Every structure is written in C-alpha cells, then in structure tokens.
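Colleague: Contents are PDB, C-alpha atoms and all ligand atoms; file name query-v3.pdb:
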```pdb
ATOM      1  CA  MET A   1      -5.359  13.066  25.202
ATOM      2  CA  ALA A   2      -4.661  12.089  21.576
ATOM      3  CA  ALA A   3      -6.670  14.022  18.973
ATOM      4  CA  GLN A   4      -9.474  12.017  17.370
ATOM      5  CA  GLN A   5      -9.507  11.530  13.613
ATOM      6  CA  PRO A   6     -12.406  13.225  11.820
ATOM      7  CA  LYS A   7     -15.088  10.749  10.740
ATOM      8  CA  ASN A   8     -14.585  11.853   7.137
ATOM      9  CA  LEU A   9     -14.789   8.317   5.708
ATOM     10  CA  ASN A  10     -18.047   7.306   7.378
ATOM     11  CA  GLY A  11     -19.754   4.427   5.568
ATOM     12  CA  LYS A  12     -16.947   3.973   3.017
ATOM     13  CA  THR A  13     -15.486   0.548   2.271
ATOM     14  CA  ALA A  14     -11.733   0.099   1.906
ATOM     15  CA  ILE A  15      -9.443  -2.717   0.833
ATOM     16  CA  VAL A  16      -5.869  -2.445   2.132
ATOM     17  CA  THR A  17      -3.560  -5.166   0.813
ATOM     18  CA  GLY A  18      -0.881  -6.425   3.186
ATOM     19  CA  SER A  19      -2.474  -4.890   6.254
ATOM     20  CA  SER A  20      -1.591  -7.365   9.002
ATOM     21  CA  ARG A  21       1.637  -5.561   9.850
ATOM     22  CA  GLY A  22       3.647  -2.405   9.261
ATOM     23  CA  ILE A  23       2.412   0.493   7.162
ATOM     24  CA  GLY A  24      -0.643  -1.404   5.901
ATOM     25  CA  ALA A  25      -1.868  -2.127   9.444
ATOM     26  CA  GLY A  26      -1.460   1.558  10.290
ATOM     27  CA  ILE A  27      -3.434   2.583   7.200
ATOM     28  CA  ALA A  28      -6.236   0.081   7.869
ATOM     29  CA  LEU A  29      -6.660   1.245  11.482
ATOM     30  CA  ASP A  30      -6.613   4.926  10.565
ATOM     31  CA  LEU A  31      -9.225   4.451   7.819
ATOM     32  CA  ALA A  32     -11.404   2.642  10.376
ATOM     33  CA  LYS A  33     -10.939   5.452  12.914
ATOM     34  CA  ARG A  34     -12.218   7.786  10.186
ATOM     35  CA  GLY A  35     -15.343   5.659   9.805
ATOM     36  CA  ALA A  36     -14.486   3.261   6.960
ATOM     37  CA  ASN A  37     -15.247  -0.461   6.964
ATOM     38  CA  VAL A  38     -12.019  -2.246   6.097
ATOM     39  CA  VAL A  39     -10.811  -5.436   4.449
ATOM     40  CA  VAL A  40      -7.612  -6.465   6.250
ATOM     41  CA  ASN A  41      -5.426  -8.746   4.155
ATOM     42  CA  TYR A  42      -2.571 -11.034   5.140
ATOM     43  CA  THR A  43      -0.944 -14.039   3.520
ATOM     44  CA  SER A  44       1.301 -15.881   5.985
ATOM     45  CA  THR A  45       0.875 -17.654   9.314
ATOM     46  CA  ARG A  46       3.038 -14.811  10.667
ATOM     47  CA  GLY A  47       0.369 -12.330   9.639
ATOM     48  CA  GLU A  48      -2.627 -14.300  10.896
ATOM     49  CA  ARG A  49      -2.402 -13.410  14.581
ATOM     50  CA  ALA A  50      -1.498  -9.785  13.850
ATOM     51  CA  ALA A  51      -4.469  -9.475  11.495
ATOM     52  CA  ALA A  52      -6.813 -10.914  14.141
ATOM     53  CA  GLN A  53      -5.539  -8.407  16.733
ATOM     54  CA  LEU A  54      -5.936  -5.540  14.265
ATOM     55  CA  GLY A  55      -9.447  -6.757  13.482
ATOM     56  CA  LYS A  56     -10.370  -6.346  17.176
ATOM     57  CA  GLU A  57      -8.953  -2.812  17.230
ATOM     58  CA  ILE A  58     -10.929  -1.905  14.112
ATOM     59  CA  GLU A  59     -14.158  -3.240  15.619
ATOM     60  CA  GLU A  60     -13.465  -1.223  18.773
ATOM     61  CA  CYS A  61     -13.569   1.852  16.522
ATOM     62  CA  GLY A  62     -17.141   0.919  15.586
ATOM     63  CA  ALA A  63     -16.184  -0.082  12.023
ATOM     64  CA  LYS A  64     -16.818  -3.370  10.252
ATOM     65  CA  VAL A  65     -13.818  -5.515   9.354
ATOM     66  CA  ALA A  66     -13.261  -8.517   7.103
ATOM     67  CA  ILE A  67      -9.991 -10.369   7.634
ATOM     68  CA  VAL A  68      -8.932 -12.133   4.456
ATOM     69  CA  GLN A  69      -6.092 -14.576   3.970
ATOM     70  CA  ALA A  70      -5.116 -14.049   0.342
ATOM     71  CA  ASN A  71      -1.792 -14.286  -1.433
ATOM     72  CA  ILE A  72      -2.156 -11.399  -3.848
ATOM     73  CA  ALA A  73       0.364 -13.018  -6.190
ATOM     74  CA  ILE A  74      -2.289 -15.653  -6.917
ATOM     75  CA  MET A  75      -4.941 -14.415  -9.327
ATOM     76  CA  GLU A  76      -7.749 -16.543  -7.811
ATOM     77  CA  ASP A  77      -7.039 -15.070  -4.363
ATOM     78  CA  LEU A  78      -7.657 -11.508  -5.549
ATOM     79  CA  LYS A  79     -11.374 -12.153  -5.909
ATOM     80  CA  LYS A  80     -11.572 -13.031  -2.195
ATOM     81  CA  LEU A  81     -10.717  -9.409  -1.393
ATOM     82  CA  ILE A  82     -13.495  -8.030  -3.601
ATOM     83  CA  ASP A  83     -16.072 -10.498  -2.240
ATOM     84  CA  ALA A  84     -15.143  -9.601   1.339
ATOM     85  CA  ALA A  85     -15.367  -5.875   0.604
ATOM     86  CA  LEU A  86     -18.805  -6.197  -0.978
ATOM     87  CA  ALA A  87     -19.978  -8.269   2.012
ATOM     88  CA  ILE A  88     -19.180  -5.441   4.475
ATOM     89  CA  SER A  89     -20.072  -2.563   2.140
ATOM     90  CA  VAL A  90     -23.136  -0.507   3.024
ATOM     91  CA  ASN A  91     -23.614   0.754  -0.553
ATOM     92  CA  GLY A  92     -22.539  -2.375  -2.468
ATOM     93  CA  LYS A  93     -19.433  -0.526  -3.651
ATOM     94  CA  VAL A  94     -15.706  -0.388  -2.979
ATOM     95  CA  ASP A  95     -14.728   3.207  -2.186
ATOM     96  CA  ILE A  96     -11.029   2.910  -1.392
ATOM     97  CA  LEU A  97      -8.323   0.575  -2.671
ATOM     98  CA  VAL A  98      -4.864   0.829  -1.135
ATOM     99  CA  HIS A  99      -2.185  -1.256  -2.854
ATOM    100  CA  ASN A 100       0.216  -1.589   0.054
ATOM    101  CA  ALA A 101       1.495  -5.191   0.107
ATOM    102  CA  ALA A 102       4.949  -5.750  -1.322
ATOM    103  CA  THR A 103       7.982  -7.908  -0.911
ATOM    104  CA  GLY A 104      11.236  -6.016  -0.480
ATOM    105  CA  ASP A 105      13.778  -8.785  -0.939
ATOM    106  CA  ASP A 106      17.192  -7.631  -2.157
ATOM    107  CA  CYS A 107      19.371  -9.362  -4.751
ATOM    108  CA  TYR A 108      22.531  -8.527  -6.685
ATOM    109  CA  LEU A 109      21.989  -8.713 -10.434
ATOM    110  CA  GLU A 110      24.633 -11.437 -10.844
ATOM    111  CA  GLU A 111      22.584 -13.686  -8.542
ATOM    112  CA  MET A 112      19.173 -12.854 -10.014
ATOM    113  CA  THR A 113      16.955 -15.747 -11.018
ATOM    114  CA  GLU A 114      13.774 -15.804 -13.027
ATOM    115  CA  GLU A 115      12.018 -17.153  -9.908
ATOM    116  CA  PHE A 116      13.140 -14.144  -7.844
ATOM    117  CA  TYR A 117      12.046 -11.753 -10.596
ATOM    118  CA  GLU A 118       8.637 -13.378 -10.942
ATOM    119  CA  ALA A 119       7.979 -13.698  -7.205
ATOM    120  CA  GLN A 120       8.616  -9.990  -6.623
ATOM    121  CA  THR A 121       6.894  -8.637  -9.715
ATOM    122  CA  ASP A 122       3.823 -10.834  -9.108
ATOM    123  CA  VAL A 123       3.251  -9.248  -5.678
ATOM    124  CA  ASN A 124       4.474  -5.716  -6.307
ATOM    125  CA  LEU A 125       3.211  -5.076  -9.836
ATOM    126  CA  LYS A 126       0.932  -7.778 -11.260
ATOM    127  CA  ALA A 127      -1.327  -7.872  -8.187
ATOM    128  CA  PRO A 128      -2.104  -4.122  -8.198
ATOM    129  CA  ILE A 129      -2.919  -4.281 -11.919
ATOM    130  CA  PHE A 130      -5.349  -7.171 -11.692
ATOM    131  CA  LEU A 131      -6.840  -6.229  -8.323
ATOM    132  CA  THR A 132      -7.644  -2.791  -9.748
ATOM    133  CA  GLN A 133      -9.161  -4.429 -12.821
ATOM    134  CA  LEU A 134     -11.363  -6.615 -10.591
ATOM    135  CA  THR A 135     -12.377  -3.624  -8.467
ATOM    136  CA  LEU A 136     -13.451  -1.329 -11.317
ATOM    137  CA  PRO A 137     -16.921  -2.855 -11.842
ATOM    138  CA  HIS A 138     -17.602  -2.176  -8.148
ATOM    139  CA  ILE A 139     -15.794   1.107  -7.561
ATOM    140  CA  ALA A 140     -17.842   3.953  -6.124
ATOM    141  CA  ARG A 141     -18.084   7.345  -7.792
ATOM    142  CA  GLY A 142     -15.599   9.494  -5.892
ATOM    143  CA  GLY A 143     -13.492   6.368  -5.338
ATOM    144  CA  ARG A 144      -9.846   6.485  -4.369
ATOM    145  CA  ILE A 145      -6.900   4.316  -5.393
ATOM    146  CA  VAL A 146      -3.596   4.756  -3.565
ATOM    147  CA  LEU A 147      -0.418   2.894  -4.468
ATOM    148  CA  ILE A 148       2.526   2.621  -2.088
ATOM    149  CA  SER A 149       5.802   3.218  -3.903
ATOM    150  CA  SER A 150       9.243   3.808  -2.352
ATOM    151  CA  VAL A 151      12.186   6.178  -2.586
ATOM    152  CA  SER A 152      13.926   3.142  -4.069
ATOM    153  CA  ALA A 153      12.158   3.885  -7.365
ATOM    154  CA  ARG A 154      14.505   6.852  -7.836
ATOM    155  CA  MET A 155      17.577   6.212  -5.692
ATOM    156  CA  GLY A 156      19.504   3.580  -7.628
ATOM    157  CA  MET A 157      20.151   1.482  -4.533
ATOM    158  CA  PRO A 158      22.310  -1.625  -5.139
ATOM    159  CA  GLN A 159      20.446  -4.978  -4.961
ATOM    160  CA  GLN A 160      17.109  -3.362  -5.794
ATOM    161  CA  THR A 161      16.866  -4.078  -9.526
ATOM    162  CA  VAL A 162      13.426  -5.642  -9.294
ATOM    163  CA  TYR A 163      12.119  -3.755  -6.252
ATOM    164  CA  ALA A 164      13.063  -0.378  -7.773
ATOM    165  CA  ALA A 165      11.585  -1.365 -11.128
ATOM    166  CA  THR A 166       8.284  -2.444  -9.555
ATOM    167  CA  LYS A 167       8.029   0.765  -7.538
ATOM    168  CA  ALA A 168       8.851   2.948 -10.553
ATOM    169  CA  GLY A 169       6.262   0.878 -12.423
ATOM    170  CA  LEU A 170       3.589   1.744  -9.846
ATOM    171  CA  GLU A 171       4.352   5.451 -10.244
ATOM    172  CA  GLY A 172       3.976   5.126 -14.012
ATOM    173  CA  MET A 173       0.735   3.168 -13.678
ATOM    174  CA  CYS A 174      -0.608   5.783 -11.296
ATOM    175  CA  LYS A 175      -0.383   8.433 -14.012
ATOM    176  CA  VAL A 176      -1.888   6.140 -16.646
ATOM    177  CA  TRP A 177      -4.818   5.228 -14.408
ATOM    178  CA  ALA A 178      -5.381   8.843 -13.364
ATOM    179  CA  THR A 179      -5.983   9.726 -17.026
ATOM    180  CA  GLU A 180      -7.484   6.460 -18.287
ATOM    181  CA  LEU A 181      -9.853   5.875 -15.370
ATOM    182  CA  GLY A 182     -10.279   9.311 -13.785
ATOM    183  CA  LYS A 183     -13.349  10.771 -15.509
ATOM    184  CA  LYS A 184     -14.666   7.401 -16.692
ATOM    185  CA  TYR A 185     -15.120   6.165 -13.094
ATOM    186  CA  ASP A 186     -14.994   9.515 -11.252
ATOM    187  CA  ILE A 187     -11.995   8.416  -9.183
ATOM    188  CA  THR A 188      -8.537   9.657  -8.272
ATOM    189  CA  VAL A 189      -5.349   7.594  -8.333
ATOM    190  CA  ASN A 190      -2.243   8.604  -6.404
ATOM    191  CA  CYS A 191       1.026   7.193  -5.109
ATOM    192  CA  VAL A 192       2.767   7.688  -1.773
ATOM    193  CA  SER A 193       6.525   7.202  -1.761
ATOM    194  CA  PRO A 194       7.961   6.528   1.704
ATOM    195  CA  GLY A 195      11.631   6.582   2.604
ATOM    196  CA  PRO A 196      12.828   3.929   5.060
ATOM    197  CA  VAL A 197      10.155   3.220   7.691
ATOM    198  CA  ALA A 198      10.631   1.282  10.943
ATOM    199  CA  THR A 199       8.714  -1.894  10.051
ATOM    200  CA  ASP A 200       9.698  -5.539   9.632
ATOM    201  CA  MET A 201      10.576  -4.840   5.982
ATOM    202  CA  TRP A 202      13.191  -2.313   7.100
ATOM    203  CA  THR A 203      14.620  -4.289  10.014
ATOM    204  CA  GLU A 204      14.899  -7.373   7.784
ATOM    205  CA  CYS A 205      16.799  -5.509   5.019
ATOM    206  CA  GLU A 206      20.244  -6.783   4.062
ATOM    207  CA  PRO A 207      22.831  -5.004   6.306
ATOM    208  CA  ASP A 208      24.706  -3.651   3.280
ATOM    209  CA  VAL A 209      21.468  -2.075   1.968
ATOM    210  CA  VAL A 210      20.993  -0.336   5.335
ATOM    211  CA  ALA A 211      24.645   0.757   5.335
ATOM    212  CA  ALA A 212      24.320   2.151   1.808
ATOM    213  CA  LEU A 213      21.267   4.204   2.883
ATOM    214  CA  GLN A 214      22.740   5.511   6.151
ATOM    215  CA  PRO A 215      24.321   8.652   4.641
ATOM    216  CA  SER A 216      20.946   9.559   3.088
ATOM    217  CA  ILE A 217      19.216   8.942   6.445
ATOM    218  CA  ASP A 218      21.734  11.171   8.193
ATOM    219  CA  ALA A 219      21.132  13.872   5.561
ATOM    220  CA  THR A 220      17.308  13.648   5.619
ATOM    221  CA  PRO A 221      16.160  17.294   5.703
ATOM    222  CA  ALA A 222      13.181  16.930   8.095
ATOM    223  CA  ALA A 223      15.132  14.885  10.687
ATOM    224  CA  ALA A 224      18.065  12.476  10.655
ATOM    225  CA  ARG A 225      16.007   9.345  11.267
ATOM    226  CA  VAL A 226      13.994   6.668   9.483
ATOM    227  CA  GLY A 227      10.246   7.240   9.254
ATOM    228  CA  GLU A 228       7.571   5.849  11.541
ATOM    229  CA  VAL A 229       4.329   4.271  10.323
ATOM    230  CA  SER A 230       2.552   7.301  11.809
ATOM    231  CA  ASP A 231       4.547   9.579   9.446
ATOM    232  CA  ILE A 232       3.064   7.832   6.402
ATOM    233  CA  VAL A 233      -0.499   6.971   7.410
ATOM    234  CA  PRO A 234      -2.096  10.469   7.478
ATOM    235  CA  ILE A 235      -0.831  11.166   3.954
ATOM    236  CA  VAL A 236      -2.530   8.021   2.678
ATOM    237  CA  SER A 237      -5.721   8.825   4.608
ATOM    238  CA  PHE A 238      -5.786  12.311   3.090
ATOM    239  CA  LEU A 239      -5.502  10.814  -0.411
ATOM    240  CA  CYS A 240      -8.427   8.507   0.473
ATOM    241  CA  SER A 241     -10.622  11.440   1.480
ATOM    242  CA  GLU A 242     -12.978  13.772  -0.362
ATOM    243  CA  GLU A 243     -10.632  16.649   0.558
ATOM    244  CA  SER A 244      -8.013  15.285  -1.881
ATOM    245  CA  ARG A 245     -10.382  15.473  -4.899
ATOM    246  CA  TRP A 246      -8.093  17.831  -6.856
ATOM    247  CA  VAL A 247      -5.014  15.603  -6.525
ATOM    248  CA  THR A 248      -4.606  12.770  -9.014
ATOM    249  CA  GLY A 249      -1.739  11.116 -10.854
ATOM    250  CA  SER A 250       0.613  12.417  -8.170
ATOM    251  CA  THR A 251       3.373  10.720  -6.279
ATOM    252  CA  VAL A 252       3.691  12.277  -2.828
ATOM    253  CA  SER A 253       7.129  11.942  -1.272
ATOM    254  CA  ALA A 254       6.708  10.763   2.333
ATOM    255  CA  SER A 255      10.397  10.590   3.106
ATOM    256  CA  GLY A 256      11.242  13.607   5.241
ATOM    257  CA  GLY A 257      12.732  15.038   2.065
ATOM    258  CA  MET A 258      15.200  12.174   1.534
ATOM    259  CA  ASN A 259      13.824  12.240  -1.972
ATOM    260  CA  PHE A 260      12.373  15.379  -3.583
ATOM    261  CA  ILE A 261       9.857  14.683  -6.349
TER     262      ILE A 261
HETATM  263  N1  LIG B   1       9.391  -0.204   5.459
HETATM  264  C1  LIG B   1      10.039   0.550   4.600
HETATM  265  O1  LIG B   1      11.185   0.953   4.856
HETATM  266  C2  LIG B   1       9.386   0.964   3.303
HETATM  267  C3  LIG B   1       9.982   2.015   2.576
HETATM  268  C4  LIG B   1       9.402   2.430   1.389
HETATM  269  C5  LIG B   1       8.262   1.797   0.932
HETATM  270  N2  LIG B   1       7.715   0.771   1.650
HETATM  271  C6  LIG B   1       6.516   0.142   1.092
HETATM  272  O2  LIG B   1       5.471   0.222   2.047
HETATM  273  C7  LIG B   1       4.610  -0.915   1.893
HETATM  274  C8  LIG B   1       4.448  -1.603   3.229
HETATM  275  O3  LIG B   1       5.733  -1.981   3.699
HETATM  276  P1  LIG B   1       5.994  -2.478   5.193
HETATM  277  O4  LIG B   1       7.337  -2.008   5.549
HETATM  278  O5  LIG B   1       4.857  -2.165   6.062
HETATM  279  O6  LIG B   1       6.064  -4.071   4.940
HETATM  280  P2  LIG B   1       6.110  -5.286   5.971
HETATM  281  O7  LIG B   1       6.346  -4.808   7.352
HETATM  282  O8  LIG B   1       7.054  -6.277   5.388
HETATM  283  O9  LIG B   1       4.608  -5.869   5.870
HETATM  284  C9  LIG B   1       4.232  -6.432   4.651
HETATM  285  C10 LIG B   1       2.762  -6.698   4.636
HETATM  286  O10 LIG B   1       2.421  -7.170   3.320
HETATM  287  C11 LIG B   1       1.838  -8.454   3.439
HETATM  288  N3  LIG B   1       2.186  -9.261   2.277
HETATM  289  C12 LIG B   1       3.407  -9.566   1.795
HETATM  290  N4  LIG B   1       3.310 -10.353   0.710
HETATM  291  C13 LIG B   1       1.977 -10.539   0.503
HETATM  292  C14 LIG B   1       1.222 -11.280  -0.443
HETATM  293  N5  LIG B   1       1.818 -12.003  -1.400
HETATM  294  N6  LIG B   1      -0.120 -11.247  -0.357
HETATM  295  C15 LIG B   1      -0.740 -10.536   0.609
HETATM  296  N7  LIG B   1      -0.086  -9.830   1.548
HETATM  297  C16 LIG B   1       1.261  -9.855   1.495
HETATM  298  C17 LIG B   1       2.348  -9.034   4.749
HETATM  299  O11 LIG B   1       1.463 -10.028   5.188
HETATM  300  P3  LIG B   1       1.925 -11.200   6.265
HETATM  301  O12 LIG B   1       1.900 -10.539   7.619
HETATM  302  O13 LIG B   1       0.901 -12.264   6.110
HETATM  303  O14 LIG B   1       3.294 -11.634   5.873
HETATM  304  C18 LIG B   1       2.339  -7.767   5.620
HETATM  305  O15 LIG B   1       1.030  -7.470   6.056
HETATM  306  C19 LIG B   1       5.250  -1.775   0.805
HETATM  307  O16 LIG B   1       4.661  -1.484  -0.439
HETATM  308  C20 LIG B   1       6.694  -1.328   0.804
HETATM  309  O17 LIG B   1       7.325  -1.565  -0.439
HETATM  310  C21 LIG B   1       8.239   0.350   2.822
END
```
So that I can check it, write out the structure of this file as structure tokens.

Modeller:
Amino acid sequence: MAAQQPKNLNGKTAIVTGSSRGIGAGIALDLAKRGANVVVNYTSTRGERAAAQLGKEIEECGAKVAIVQANIAIMEDLKKLIDAALAISVNGKVDILVHNAATGDDCYLEEMTEEFYEAQTDVNLKAPIFLTQLTLPHIARGGRIVLISSVSARMGMPQQTVYAATKAGLEGMCKVWATELGKKYDITVNCVSPGPVATDMWTECEPDVVAALQPSIDATPAAARVGEVSDIVPIVSFLCSEESRWVTGSTVSASGGMNFI
C-alpha cells in the first residue's frame, strides 16, 4: 500500500499556476493530499478536461478546490486566481503560491521575433512578478512562495535564449524576494530547478533540443533517465511546509545531479 502523505498543510490555501497537467498537476494533488485547499489553474481548452479530472481527485482527498481558467499572461486574469483562493480559504489568507506555469517553446536567435520574446516572458516572468504583488496583501504569516525554474537557466542550451533568461530571472527574483519580503511578511521564497521531466513540455520539445540534452541525460549521476513528476513534487511540497522554515532564497536542483548548484 502506498504511504500516505502527512497532513502537514491542513487548512492552508494554495495557488498553483498551470496545474491542469504535468508537474503543476502533481504539485496541486500532493498539496491537497497534505490537507491544503487548492486553486487549480489552466488556460487552454486542452487543459479544461484535465483540470476538471484533477479537481475530482482533489475533492476525493477531502480538500476544497477552485478550478480557474486564467491566462496568466493577461494582467486582469491574475486577479481571478486571488479571488478564487480567498473564496476557498478558511482563514481569509493565501498560504502557498507556486509559480509553475511556463511556456517552453524553443527558437534560434536568428528567427527570434518580438512577439515570441513577449509571449514567453509574459508567462514565465511577468506573471510571477505581478501575481506575487497581488498576493502580498493576502499572504499568511508563515507563507511560502515557490518558483519553478529549470536546468536550462544554467546549461546554455541552443534555442533557449528566452526560456533560459526567464528561468535565470526567476532564480534572481527568488533571492531578491527572500530578502525584500522575508521578514516584512514572515514568508520564505525558494526555487526548484528540475532537469528534463516526462511531461507534455518535454515530449513536445524540438527533436534537436532533445538530442542536444541526451549526453547530459546519459551522464545524470542519480540515474541515466529523465525525471518523473513524482521526483519533483515532494521537493516542492517540502518547501511549502513549516519544516522548510530555515530555507529561503535557495534554488534546489531537482535534476538527479544533471546540474549541481
Ligand atoms: N518538463 C520538463 O522537462 C521541465 C524541465 C524543467 C523545468 N520545467 C518547468 O516545470 C514547470 C511545469 O512544466 P511542465 O513540464 O509540467 O509543463 P506542461 O506539461 O507543458 O504543462 C504546462 C501547464 O502550464 C499551463 N499553462 C501554460 N501557459 C499558461 C498560461 N499562459 N496561463 C496559465 N496556465 C498556463 C498549462 O495549462 P493548459 O493545460 O491549459 O495548457 C499546463 O497546466 C514549468 O515552469 C517548466 O518550465 C519543466
């Protein structure tokens, strides 16, 4: 029988952006299993059905769920996430904010357009900044912010000019927020940096990006494989818990050692 998660997030309220599929869905379900009420966010028709299914699984855990269609690149949509969180919150606060949603589209620099740059930075970088800003008036003491980065921030992978820059940006912001917001709001802010993980984002990568990463996958110290969602989720859940109170401003490498930090 599978071990049960401790109910160490009982009564907390969490927002997980981009949680209809992949890593975000895994995080949302695990937080619910630990007792948190969760805002599940999706943007596309593709995500709608998956979000509804996840919502059922979260309710089966005994947690409350709010399923919110919101394109986090659109400033007006961000408020929907806060409103939904406050509606399911037992203490009128947001305890946990996980910035997970991202687009991972690849593009050679010679082909880069302003539209591509803006579309990716709006989701990967602008949204976390302004969603955090909107959350601060409602954040609980002891609150937790977790940003999902990527090994791409440090690996210099071709075609990842914007993606790598946004992920490196999140790691920089994490440190700024840890110091700027830490004592003021009594919160911690941390990053998790996965290597390749078997989700739609990975399977939909350009073949030459996958080929360029294969030697690093083969040389991954923990095991010569890509990660699973279940490799990443417990690290995020730990950083959302009281037990992680003495960790802030950190980027935790969740890559099987593909990338040492
Ligand atoms: N998979 C990897 O290999 C890998 C490696 C390192 C880091 N990461 C990072 O891990 C995080 C999750 O990646 P993943 O692989 O799970 O991604 P994924 O399978 O592509 O899922 C992306 C999720 O984000 C949502 N999303 C995308 N754009 C959005 C927007 N504008 N507004 C709201 N939601 C949006 C999608 O919603 P819909 O279902 O509605 O489309 C979906 O729920 C990302 O930050 C990614 O950069 C992934």

Colleague: For ligand LIG 1 (chain B), collect every residue having any atom at a distance of at most 7 Å from a ligand atom (counting all atoms listed in the file); output as a ChimeraX atom specification.

Modeller: /A:17-25,41-48,70-73,100-104,123,148-151,193-202

Colleague: Mind giving me the straight-line distance from atom CA of Val146 of chain A to atom CA of Asp218 of chain A in Å, one decimal?

Modeller: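 Distance reported for this atom pair: 28.7 Å.
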
Colleague: Just give me the gap between atom CA of Ser230 of chain A and atom CA of Ala28 of chain A in Å, one decimal is fine.

Modeller: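 Separation between atom CA of Ser230 of chain A and atom CA of Ala28 of chain A: 12.0 Å.
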
Colleague: Atom CA of Leu213 of chain A to atom CA of Cys191 of chain A: how many Å, to one decimal?

Modeller: 22.0 Å

Colleague: Which is closer to Leu81 of chain A than all the others in A:Val229, A:Ala119, A:Ala223, A:Ile15, using only C-alpha atoms?

Modeller: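 Using only C-alpha atoms, Leu81 of chain A sits closest to A:Ile15.
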
Colleague: Which residues are close to Ser250 of chain A, i.e. within 8 Å by only C-alpha atoms, leaving aside same-chain residues fewer than 3 positions away? Reply as number ranges by chain.

Modeller: A: 174-175, 189-191, 247

Colleague: As a ChimeraX atom specification, please: the residues near segment 178-182 of chain A (cut-off 7 Å, only C-alpha atoms, same-chain neighbours under 5 positions excluded).

Modeller: /A:187-189,248-249

Colleague: Residues at most 12 Å from Pro207 of chain A, counting all atoms listed in the file, excluding those fewer than 5 positions away in the same chain, as a ChimeraX atom specification?

Modeller: /A:106,158-159,202,212-214

Colleague: How about completing segment 93-100 of chain A with all heavy atoms and giving it to me as a PDB file, in the frame of the given file?

Modeller:
```pdb
ATOM      1  N   LYS A  93     -20.560  -1.051  -2.861  1.00  0.00           N
ATOM      2  CA  LYS A  93     -19.433  -0.526  -3.651  1.00  0.00           C
ATOM      3  C   LYS A  93     -18.135  -0.635  -2.865  1.00  0.00           C
ATOM      4  O   LYS A  93     -18.137  -0.733  -1.634  1.00  0.00           O
ATOM      5  CB  LYS A  93     -19.662   0.960  -3.978  1.00  0.00           C
ATOM      6  CG  LYS A  93     -20.896   1.238  -4.826  1.00  0.00           C
ATOM      7  CD  LYS A  93     -20.635   0.879  -6.271  1.00  0.00           C
ATOM      8  CE  LYS A  93     -21.821   1.147  -7.163  1.00  0.00           C
ATOM      9  NZ  LYS A  93     -21.660   0.584  -8.500  1.00  0.00           N
ATOM     10  N   VAL A  94     -17.022  -0.539  -3.603  1.00  0.00           N
ATOM     11  CA  VAL A  94     -15.706  -0.388  -2.979  1.00  0.00           C
ATOM     12  C   VAL A  94     -15.306   1.071  -3.188  1.00  0.00           C
ATOM     13  O   VAL A  94     -15.279   1.567  -4.316  1.00  0.00           O
ATOM     14  CB  VAL A  94     -14.662  -1.317  -3.637  1.00  0.00           C
ATOM     15  CG1 VAL A  94     -13.289  -1.114  -3.000  1.00  0.00           C
ATOM     16  CG2 VAL A  94     -15.102  -2.775  -3.548  1.00  0.00           C
ATOM     17  N   ASP A  95     -15.043   1.772  -2.095  1.00  0.00           N
ATOM     18  CA  ASP A  95     -14.728   3.207  -2.186  1.00  0.00           C
ATOM     19  C   ASP A  95     -13.228   3.477  -2.252  1.00  0.00           C
ATOM     20  O   ASP A  95     -12.805   4.456  -2.858  1.00  0.00           O
ATOM     21  CB  ASP A  95     -15.296   3.942  -0.960  1.00  0.00           C
ATOM     22  CG  ASP A  95     -16.804   3.805  -0.864  1.00  0.00           C
ATOM     23  OD1 ASP A  95     -17.518   4.589  -1.508  1.00  0.00           O
ATOM     24  OD2 ASP A  95     -17.270   2.876  -0.159  1.00  0.00           O
ATOM     25  N   ILE A  96     -12.466   2.622  -1.573  1.00  0.00           N
ATOM     26  CA  ILE A  96     -11.029   2.910  -1.392  1.00  0.00           C
ATOM     27  C   ILE A  96     -10.237   1.625  -1.605  1.00  0.00           C
ATOM     28  O   ILE A  96     -10.584   0.578  -1.047  1.00  0.00           O
ATOM     29  CB  ILE A  96     -10.778   3.436   0.047  1.00  0.00           C
ATOM     30  CG1 ILE A  96     -11.470   4.805   0.253  1.00  0.00           C
ATOM     31  CG2 ILE A  96      -9.285   3.531   0.345  1.00  0.00           C
ATOM     32  CD1 ILE A  96     -11.593   5.197   1.726  1.00  0.00           C
ATOM     33  N   LEU A  97      -9.205   1.725  -2.429  1.00  0.00           N
ATOM     34  CA  LEU A  97      -8.323   0.575  -2.671  1.00  0.00           C
ATOM     35  C   LEU A  97      -6.885   1.033  -2.445  1.00  0.00           C
ATOM     36  O   LEU A  97      -6.396   1.913  -3.165  1.00  0.00           O
ATOM     37  CB  LEU A  97      -8.521   0.094  -4.122  1.00  0.00           C
ATOM     38  CG  LEU A  97      -7.621  -1.028  -4.617  1.00  0.00           C
ATOM     39  CD1 LEU A  97      -7.727  -2.278  -3.743  1.00  0.00           C
ATOM     40  CD2 LEU A  97      -7.970  -1.376  -6.073  1.00  0.00           C
ATOM     41  N   VAL A  98      -6.255   0.469  -1.430  1.00  0.00           N
ATOM     42  CA  VAL A  98      -4.864   0.829  -1.135  1.00  0.00           C
ATOM     43  C   VAL A  98      -3.977  -0.372  -1.456  1.00  0.00           C
ATOM     44  O   VAL A  98      -4.078  -1.426  -0.819  1.00  0.00           O
ATOM     45  CB  VAL A  98      -4.675   1.255   0.340  1.00  0.00           C
ATOM     46  CG1 VAL A  98      -3.218   1.670   0.581  1.00  0.00           C
ATOM     47  CG2 VAL A  98      -5.621   2.401   0.709  1.00  0.00           C
ATOM     48  N   HIS A  99      -3.130  -0.200  -2.458  1.00  0.00           N
ATOM     49  CA  HIS A  99      -2.185  -1.256  -2.854  1.00  0.00           C
ATOM     50  C   HIS A  99      -0.924  -1.084  -2.016  1.00  0.00           C
ATOM     51  O   HIS A  99      -0.010  -0.339  -2.396  1.00  0.00           O
ATOM     52  CB  HIS A  99      -1.842  -1.119  -4.339  1.00  0.00           C
ATOM     53  CG  HIS A  99      -2.990  -1.367  -5.257  1.00  0.00           C
ATOM     54  ND1 HIS A  99      -3.559  -2.614  -5.410  1.00  0.00           N
ATOM     55  CD2 HIS A  99      -3.672  -0.540  -6.085  1.00  0.00           C
ATOM     56  CE1 HIS A  99      -4.543  -2.541  -6.310  1.00  0.00           C
ATOM     57  NE2 HIS A  99      -4.634  -1.296  -6.724  1.00  0.00           N
ATOM     58  N   ASN A 100      -0.903  -1.764  -0.883  1.00  0.00           N
ATOM     59  CA  ASN A 100       0.216  -1.589   0.054  1.00  0.00           C
ATOM     60  C   ASN A 100       1.172  -2.776   0.094  1.00  0.00           C
ATOM     61  O   ASN A 100       2.375  -2.594   0.238  1.00  0.00           O
ATOM     62  CB  ASN A 100      -0.353  -1.341   1.461  1.00  0.00           C
ATOM     63  CG  ASN A 100       0.723  -1.437   2.518  1.00  0.00           C
ATOM     64  OD1 ASN A 100       1.506  -0.505   2.715  1.00  0.00           O
ATOM     65  ND2 ASN A 100       0.803  -2.575   3.209  1.00  0.00           N
TER      66      ASN A 100
END
```
